[in-house]
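*Asks:* Before I ask anything, here is the structure I am working with.
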Amino acid sequence: MSFDLPDSVKFGLNFVHPIMMWLLFAVTLYALYSGIQTQRTRTAEGEVKKQLIQGKFRNKHYQIGSLLLALMILGTIGGMAVTYINNGKLFVGPHLLVGLTMTGIVGISAALAPLMQGGNAIARYAHITLNVSLLGLFGWQAVTGMQIVQKILSN
Ligand code: HEM
Ligand code: HEM
């Protein structure tokens with residue numbers, strides 16, 4: 001199947017996914033920050049705890065986490081769609097495979113939320129471990145992603 005879009009549209013589409021993913025990188029860092037503050041709120045005592053509670057980090061973390069889940073799924077599908085529109089195929093390389101892995105990880109991580117809210121410590125450790133790997137893989141995607149951007153610009 002081929003897509004009869006104007007060349008300028010096809011070229012412009014190339015930048016939607018990279019820009020969106022850089023913004024999502026910032027969202028992930030904020031998720032890390034609000035997650036750590038959630039943990040501190042849970043474990044703190046006395047005056048410090050009172051102060052932290054006012055930050056409503058648990059709520060903020062849940063909301064930013066849900067946003068991350070939704071946008072990462074859409075961003076991955078979008079990256080694959082644009083690749084297919086422009087090349088008539090996908091490139092089964094590191095960026096595609098790591099991207100799909102990350103989308104799986106973020107889904108499992110979010111699915112652990114009800115268990116964590118029930119106080120399940122294993123779910124909490126799994127959530128943290130999965131998300132630290134997510135952050136590491138994101139750094140890798142940024143490198144391979146910018147290599148793809150350079151390839152597109154040099155063509
Ligand atoms: C952080 C910076 C990132 C940059 C600069 C970037 C850049 C790109 C570029 C330029 C493409 C080619 C399609 C297009 O032109 O739109 C692409 C494809 C793709 N991206 Fe990203 N990306 C990034 C992060 C991510 C992340 C975090 C994921 C997944 C969680 C992801 C998943 C994908 C997938 C699945 C494709 C299709 C690859 C293929 O089929 O060959 N990307 N990316
Ligand atoms: C996938 C989307 C995400 C959702 C839906 C989500 C949701 C949650 C929920 C419900 C909790 C438990 C809060 C509580 O009741 O105590 C939590 C805790 C936490 N999350 Fe997330 N989160 C997400 C992504 C992330 C990411 C990307 C990171 C780090 C980069 C992260 C790091 C943490 C940390 C450190 C905690 C604290 C655990 C503790 O209290 O010991 N989360 N998250």
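Naming scheme: A, B, ... for chains in displayed order of the structure tokens; residues 1 onward per chain; ligands 1 onward as shown.
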Taking only C-alpha atoms and all ligand atoms into account, report as number ranges by chain which residues have an atom no farther than 8 Å from an atom of ligand 2.
*Replies:* A: 28-43, 58, 61-69, 106-114, 116-119, 124-125, 127-128, 131-132, 134-135
*Asks:* Report as a list in words which protein, DNA and RNA residues come within 6 Å of ligand 1, using only C-alpha atoms and all ligand atoms.
*Replies:*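 The neighbouring residues of ligand 1 are, in order, Asn14, Phe15, His17, Pro18, Met21, Trp22, Met72, Thr76, Gly79, Met80, Val82, Thr83, Leu90, Phe91, Val92, His95, Leu96, Gly99, Leu100, Met102, Thr103, Phe138, Gln141, Ala142, Gly145, Met146, Ile148 and Val149 of chain A.
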*Asks:* Do you have the atom CA of Ile152 of chain A-atom CA of Ala70 of chain A distance handy?
*Replies:* 26.8 Å
*Asks:* In Å to one decimal, how far is atom CA of Leu74 of chain A from atom CA of Ile122 of chain A?
*Replies:* 28.8 Å
*Asks:* Could you list, as a list in words, every residue within 10 Å of Phe3 of chain A, counting only C-alpha atoms and ignoring same-chain residues fewer than 4 positions away?
*Replies:*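 Final neighbour list, sorted by chain and number: Lys10, Tyr84, Ile85, Asn86, Asn87 and Gly88 of chain A.
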*Asks:* Would you output that residue set with N, CA and C atoms, as an mmCIF file, in the first residue's frame?
*Replies:*
```
data_model
loop_
_atom_site.group_PDB
_atom_site.id
_atom_site.type_symbol
_atom_site.label_atom_id
_atom_site.label_comp_id
_atom_site.auth_asym_id
_atom_site.auth_seq_id
_atom_site.Cartn_x
_atom_site.Cartn_y
_atom_site.Cartn_z
ATOM 1 N N LYS A 10 4.753 14.679 3.984
ATOM 2 C CA LYS A 10 5.522 13.499 4.385
ATOM 3 C C LYS A 10 6.777 13.906 5.150
ATOM 4 N N TYR A 84 6.193 3.912 8.259
ATOM 5 C CA TYR A 84 5.554 3.129 7.196
ATOM 6 C C TYR A 84 5.083 4.024 6.050
ATOM 7 N N ILE A 85 4.498 5.183 6.403
ATOM 8 C CA ILE A 85 4.025 6.109 5.360
ATOM 9 C C ILE A 85 5.189 6.542 4.467
ATOM 10 N N ASN A 86 6.339 6.806 5.079
ATOM 11 C CA ASN A 86 7.465 7.347 4.314
ATOM 12 C C ASN A 86 8.300 6.299 3.608
ATOM 13 N N ASN A 87 8.283 5.062 4.102
ATOM 14 C CA ASN A 87 9.187 4.047 3.535
ATOM 15 C C ASN A 87 8.470 2.816 2.992
ATOM 16 N N GLY A 88 7.161 2.730 3.247
ATOM 17 C CA GLY A 88 6.427 1.554 2.798
ATOM 18 C C GLY A 88 6.791 0.297 3.565
#
```
